[in-house]
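> One file is attached below, entry.cif, containing mmCIF, C-alpha atoms.
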```cif
data_query
#
loop_
_atom_site.label_atom_id
_atom_site.label_comp_id
_atom_site.auth_asym_id
_atom_site.auth_seq_id
_atom_site.Cartn_x
_atom_site.Cartn_y
_atom_site.Cartn_z
CA MET V 1 12.05 -2.81 14.05
CA THR V 2 8.62 -3.92 15.21
CA ILE V 3 5.79 -4.74 12.80
CA ARG V 4 2.42 -4.18 14.45
CA PRO V 5 -1.15 -3.13 13.66
CA ALA V 6 -1.36 0.61 13.18
CA GLU V 7 -3.02 2.50 16.00
CA LYS V 8 -4.95 5.75 15.94
CA ARG V 9 -1.96 7.51 17.54
CA ASP V 10 0.08 6.60 14.41
CA VAL V 11 -2.21 8.43 11.98
CA PRO V 12 -0.28 11.76 11.93
CA ALA V 13 3.02 9.98 11.21
CA LEU V 14 1.43 7.78 8.51
CA LEU V 15 -0.08 10.89 6.96
CA GLU V 16 3.34 12.55 6.89
CA ILE V 17 4.82 9.52 5.10
CA TYR V 18 2.01 9.50 2.54
CA ASN V 19 2.04 13.23 1.94
CA TYR V 20 5.78 13.14 1.28
CA GLU V 21 5.00 10.92 -1.73
CA VAL V 22 2.11 13.16 -2.79
CA GLU V 23 4.45 16.15 -2.90
CA HIS V 24 7.74 14.60 -4.05
CA GLY V 25 7.11 11.27 -5.74
CA VAL V 26 4.86 9.29 -7.99
CA ALA V 27 4.22 6.29 -5.74
CA THR V 28 0.75 7.83 -5.44
CA LEU V 29 -0.90 9.86 -8.14
CA ASP V 30 -2.69 12.03 -5.60
CA LEU V 31 -1.89 15.66 -6.42
CA HIS V 32 -2.83 17.34 -3.15
CA PRO V 33 -1.68 16.41 0.36
CA ARG V 34 -4.32 14.70 2.47
CA THR V 35 -5.58 16.30 5.65
CA LEU V 36 -5.61 14.79 9.11
CA PRO V 37 -9.44 14.38 9.09
CA GLU V 38 -9.21 12.59 5.72
CA TRP V 39 -6.50 10.30 7.04
CA GLU V 40 -8.47 9.58 10.21
CA GLU V 41 -11.35 8.46 7.99
CA TRP V 42 -8.91 6.35 5.93
CA PHE V 43 -7.70 4.76 9.18
CA SER V 44 -11.29 3.99 10.22
CA GLU V 45 -11.98 2.29 6.88
CA HIS V 46 -9.06 -0.06 7.54
CA GLN V 47 -10.34 -1.55 10.78
CA THR V 48 -11.83 -4.75 9.35
CA ALA V 49 -10.40 -8.26 9.11
CA SER V 50 -9.51 -7.93 5.43
CA HIS V 51 -8.79 -4.18 5.29
CA PHE V 52 -6.07 -3.28 7.75
CA ILE V 53 -2.86 -1.31 8.23
CA LEU V 54 0.42 -2.56 9.64
CA THR V 55 3.17 -0.19 10.63
CA ALA V 56 6.89 -0.70 11.03
CA GLU V 57 8.04 1.02 14.19
CA VAL V 58 11.70 2.02 14.46
CA ASP V 59 13.07 3.94 17.44
CA GLY V 60 9.54 4.43 18.78
CA LYS V 61 8.00 5.95 15.65
CA PRO V 62 6.40 4.70 12.42
CA ALA V 63 8.99 4.32 9.66
CA GLY V 64 6.51 2.98 7.13
CA TYR V 65 3.24 1.18 6.68
CA ALA V 66 1.43 -1.32 4.50
CA SER V 67 -2.30 -1.54 4.04
CA LEU V 68 -4.86 -3.78 2.43
CA SER V 69 -7.74 -1.74 1.07
CA GLU V 70 -10.99 -2.36 -0.73
CA TYR V 71 -10.13 -3.04 -4.37
CA ARG V 72 -13.46 -1.94 -5.86
CA GLN V 73 -16.79 -1.08 -4.30
CA LYS V 74 -18.85 -3.69 -6.14
CA GLU V 75 -19.59 -6.65 -3.87
CA ALA V 76 -18.23 -9.22 -6.32
CA TYR V 77 -14.72 -7.81 -5.74
CA SER V 78 -14.81 -8.33 -1.97
CA SER V 79 -12.40 -11.30 -2.09
CA THR V 80 -9.68 -9.09 -3.59
CA ALA V 81 -7.74 -6.46 -1.65
CA GLU V 82 -5.37 -3.76 -2.89
CA LEU V 83 -1.93 -3.58 -1.28
CA SER V 84 -0.10 -0.32 -0.63
CA VAL V 85 3.34 0.07 0.95
CA TYR V 86 4.89 3.42 1.90
CA ILE V 87 8.22 3.96 3.62
CA SER V 88 9.51 7.22 5.09
CA PRO V 89 12.40 8.55 2.99
CA ASP V 90 14.56 8.47 6.15
CA TYR V 91 14.17 4.67 6.45
CA ARG V 92 14.38 3.35 2.89
CA ARG V 93 16.72 0.54 1.83
CA ARG V 94 16.67 -1.06 5.28
CA GLY V 95 14.38 -4.01 4.56
CA ILE V 96 11.31 -2.34 6.08
CA ALA V 97 9.17 -2.70 2.94
CA SER V 98 10.00 -6.42 2.74
CA ALA V 99 9.16 -6.93 6.40
CA LEU V 100 5.85 -5.11 6.02
CA MET V 101 4.88 -6.94 2.85
CA GLY V 102 5.73 -10.30 4.38
CA ALA V 103 3.62 -9.54 7.45
CA VAL V 104 0.66 -8.26 5.42
CA LEU V 105 0.66 -11.30 3.15
CA GLU V 106 1.05 -13.71 6.07
CA ARG V 107 -2.03 -12.18 7.70
CA ALA V 108 -3.93 -12.08 4.38
CA ARG V 109 -3.35 -15.79 3.78
CA LYS V 110 -5.11 -16.58 7.05
CA LEU V 111 -8.29 -14.79 5.98
CA PRO V 112 -10.80 -17.10 4.31
CA GLU V 113 -12.61 -14.13 2.76
CA LEU V 114 -9.55 -13.11 0.72
CA HIS V 115 -8.58 -14.84 -2.52
CA SER V 116 -6.18 -12.37 -4.11
CA VAL V 117 -4.16 -9.20 -3.57
CA VAL V 118 -3.44 -6.65 -6.27
CA SER V 119 -1.02 -3.75 -6.47
CA VAL V 120 -1.03 -0.78 -8.80
CA ILE V 121 2.48 0.62 -9.22
CA THR V 122 3.42 3.74 -11.11
CA ALA V 123 5.56 2.49 -13.99
CA GLY V 124 9.29 2.84 -13.51
CA ASN V 125 9.27 2.19 -9.76
CA GLU V 126 11.91 -0.55 -9.94
CA ALA V 127 12.22 -0.96 -6.17
CA SER V 128 8.50 -1.67 -5.85
CA GLU V 129 8.49 -3.97 -8.86
CA LYS V 130 11.39 -6.00 -7.39
CA LEU V 131 9.68 -6.13 -4.01
CA HIS V 132 6.49 -7.48 -5.56
CA ALA V 133 8.40 -10.05 -7.63
CA LYS V 134 10.19 -11.24 -4.46
CA PHE V 135 6.79 -12.12 -2.95
CA GLY V 136 5.43 -13.84 -6.06
CA PHE V 137 3.29 -11.10 -7.56
CA ARG V 138 2.74 -11.46 -11.28
CA PHE V 139 2.72 -8.54 -13.72
CA CYS V 140 -0.63 -8.39 -15.50
CA GLY V 141 -0.58 -5.26 -17.61
CA THR V 142 0.18 -1.60 -18.09
CA MET V 143 -2.31 1.20 -18.46
CA HIS V 144 -0.58 3.96 -20.38
CA GLU V 145 -0.71 7.68 -19.55
CA VAL V 146 -3.61 7.40 -17.11
CA GLY V 147 -2.31 10.03 -14.68
CA PHE V 148 -0.61 13.40 -15.07
CA LYS V 149 1.79 14.38 -12.31
CA HIS V 150 5.01 16.38 -12.07
CA GLY V 151 4.58 17.67 -15.61
CA LYS V 152 4.22 14.37 -17.41
CA TYR V 153 1.82 11.54 -18.06
CA GLN V 154 2.31 8.49 -15.84
CA ASP V 155 1.69 4.85 -16.71
CA ILE V 156 0.56 2.34 -14.10
CA ASP V 157 1.54 -1.32 -13.91
CA ASN V 158 -0.82 -3.86 -12.38
CA PHE V 159 0.33 -6.85 -10.34
CA GLU V 160 -1.60 -9.75 -8.81
CA LEU V 161 -1.02 -12.45 -6.24
CA PHE V 162 -3.32 -15.36 -5.51
CA LEU V 163 -3.38 -16.32 -1.85
CA ASP V 164 -2.91 -20.08 -2.16
CA LYS V 165 -3.81 -20.92 1.42
CA GLU V 166 -3.08 -24.64 1.04
CA ASN V 167 0.57 -24.02 0.16
CA ALA V 168 1.19 -20.99 2.39
#
```
Output the file's structure as structure tokens, nothing else.


Amino acid sequence: MTIRPAEKRDVPALLEIYNYEVEHGVATLDLHPRTLPEWEEWFSEHQTASHFILTAEVDGKPAGYASLSEYRQKEAYSSTAELSVYISPDYRRRGIASALMGAVLERARKLPELHSVVSVITAGNEASEKLHAKFGFRFCGTMHEVGFKHGKYQDIDNFELFLDKENA
């Protein structure tokens, strides 16, 4: 496995990974698969120092990715980024999510403009909750029944991590 910055050539594979979750899971509460032009725009928005995408390459193809995205559009939130991690169903339970999260957080800690990272996890995703706990994220609240997907209301759990650069 190689962890590296995502490249434009990876976009179709990353889109396939994401759209699998749109159609089959609740890791995202998107209801409709994204299109290649939408995902190319998403890729372009993640070409800054603090908003980036890393991919895990296995056997020459992306097996998963992690991204840091803008948390909110208001300027006061610019020191906070939102973390997302998606793994292809063919490559789960192989340590790829841990490797990606470790690499993303290592890079984030080197960025003076970032103070914290947040994650929004659909409630009940035990694998994601354990992954976040492993890296020191702290649970900071549930928002109940904020999304409706697959015939039922979904809760979301919020997690935060402060990037203590002096102790990293």

> In Å, rounded to a single decimal, give me how far atom CA of V:Glu129 is from atom CA of V:Tyr153.

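Straight-line distance from atom CA of V:Tyr153 to atom CA of V:Glu129 works out to 19.2 Å.
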
> How many Å lie between atom CA of V:Met143 and atom CA of V:Phe159, rounded to one decimal?

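Calculated distance between atom CA of V:Met143 and atom CA of V:Phe159 is 11.7 Å.
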
> Tell me, in Å to one decimal, how far atom CA of V:Ala6 is from atom CA of V:Gly95.

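Interatomic distance, atom CA of V:Ala6 to atom CA of V:Gly95: 18.5 Å.
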
> For the provided coordinates, the residues matched by the PyMOL selection byres ((chain V and resi 21-34) around 8) should be stated as a PDB file with C-alpha atoms, in the frame of the given file.


```pdb
ATOM      1  CA  LEU V  15      -0.080  10.890   6.960  1.00  0.00           C
ATOM      2  CA  ILE V  17       4.820   9.520   5.100  1.00  0.00           C
ATOM      3  CA  TYR V  18       2.010   9.500   2.540  1.00  0.00           C
ATOM      4  CA  ASN V  19       2.040  13.230   1.940  1.00  0.00           C
ATOM      5  CA  TYR V  20       5.780  13.140   1.280  1.00  0.00           C
ATOM      6  CA  THR V  35      -5.580  16.300   5.650  1.00  0.00           C
ATOM      7  CA  LEU V  36      -5.610  14.790   9.110  1.00  0.00           C
ATOM      8  CA  GLU V  38      -9.210  12.590   5.720  1.00  0.00           C
ATOM      9  CA  TRP V  39      -6.500  10.300   7.040  1.00  0.00           C
ATOM     10  CA  ILE V 121       2.480   0.620  -9.220  1.00  0.00           C
ATOM     11  CA  THR V 122       3.420   3.740 -11.110  1.00  0.00           C
ATOM     12  CA  ASN V 125       9.270   2.190  -9.760  1.00  0.00           C
ATOM     13  CA  GLY V 147      -2.310  10.030 -14.680  1.00  0.00           C
ATOM     14  CA  PHE V 148      -0.610  13.400 -15.070  1.00  0.00           C
ATOM     15  CA  LYS V 149       1.790  14.380 -12.310  1.00  0.00           C
TER      16      LYS V 149
END
```

> At a cut-off of 12 Å, using only C-alpha atoms, what residues contact V:Arg107? Leave out same-chain residues fewer than 3 positions from it and give the result as a VMD selection string.

chain V and resid 3 to 5 49 to 54 66 to 68 100 to 104 110 to 114 117 163 165 168

> Identify all residues satisfying the PyMOL selection byres ((chain V and resi 13) around 12) in the given file; provide them as a PyMOL selection string.

chain V and resi 6-12+14-20+36+39-40+55-57+60-65+86-88

> Name the closest residue to V:Arg94 among the candidates V:Ala108, V:Val58, V:Val146, V:Ala123; distances are taken between atoms, counting only C-alpha atoms.

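Of V:Ala108, V:Val58, V:Val146, V:Ala123, the one nearest V:Arg94 is V:Val58, counting only C-alpha atoms.
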
> Taking the file as shown, find all residues satisfying the PyMOL selection byres ((chain V and resi 79) around 7) and write them as a PyMOL selection string.

chain V and resi 77-78+80-81+113-116

> Write to file, as a PDB file, in the frame of the given file, the residues of the selection just made, with C-alpha atoms.


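Here's the written file again_15.pdb:
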```pdb
ATOM      1  CA  TYR V  77     -14.720  -7.810  -5.740  1.00  0.00           C
ATOM      2  CA  SER V  78     -14.810  -8.330  -1.970  1.00  0.00           C
ATOM      3  CA  THR V  80      -9.680  -9.090  -3.590  1.00  0.00           C
ATOM      4  CA  ALA V  81      -7.740  -6.460  -1.650  1.00  0.00           C
ATOM      5  CA  GLU V 113     -12.610 -14.130   2.760  1.00  0.00           C
ATOM      6  CA  LEU V 114      -9.550 -13.110   0.720  1.00  0.00           C
ATOM      7  CA  HIS V 115      -8.580 -14.840  -2.520  1.00  0.00           C
ATOM      8  CA  SER V 116      -6.180 -12.370  -4.110  1.00  0.00           C
TER       9      SER V 116
END
```

> Rank nothing, just name the residue among V:Lys130, V:His46, V:Arg109, V:His144 nearest to V:Leu161, using all atoms listed in the file.

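Among the listed residues, the smallest separation from V:Leu161 belongs to V:Arg109.
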
> Calculated over only C-alpha atoms, which of the candidates V:Ala76, V:Leu105, V:Ala99, V:Ile156 has the smallest distance to V:Gly124?

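For V:Gly124, the nearest of the candidates is V:Ile156.
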
> Which residue is closest to V:Cys140? Choose from V:Ile96, V:Val85, V:Val120, V:Met1 and count only C-alpha atoms.

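Closest residue, counting only C-alpha atoms: V:Val120.
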
> With all atoms listed in the file as the atoms that count, which of V:His150, V:Glu41, V:Ser84, V:Asp164 lies nearest to V:Ser128?

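Nearest to V:Ser128: V:Ser84.
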
> Calculate, to one decimal in Å, the centre and edge lengths of the box along x, y and z of the file that holds all listed atoms of stretch 95-102 of chain V with 5 Å of margin on each side, and present them as AutoDock Vina command-line options.


```
--center_x 9.6 --center_y -6.3 --center_z 4.6 --size_x 19.5 --size_y 18.0 --size_z 13.7
```
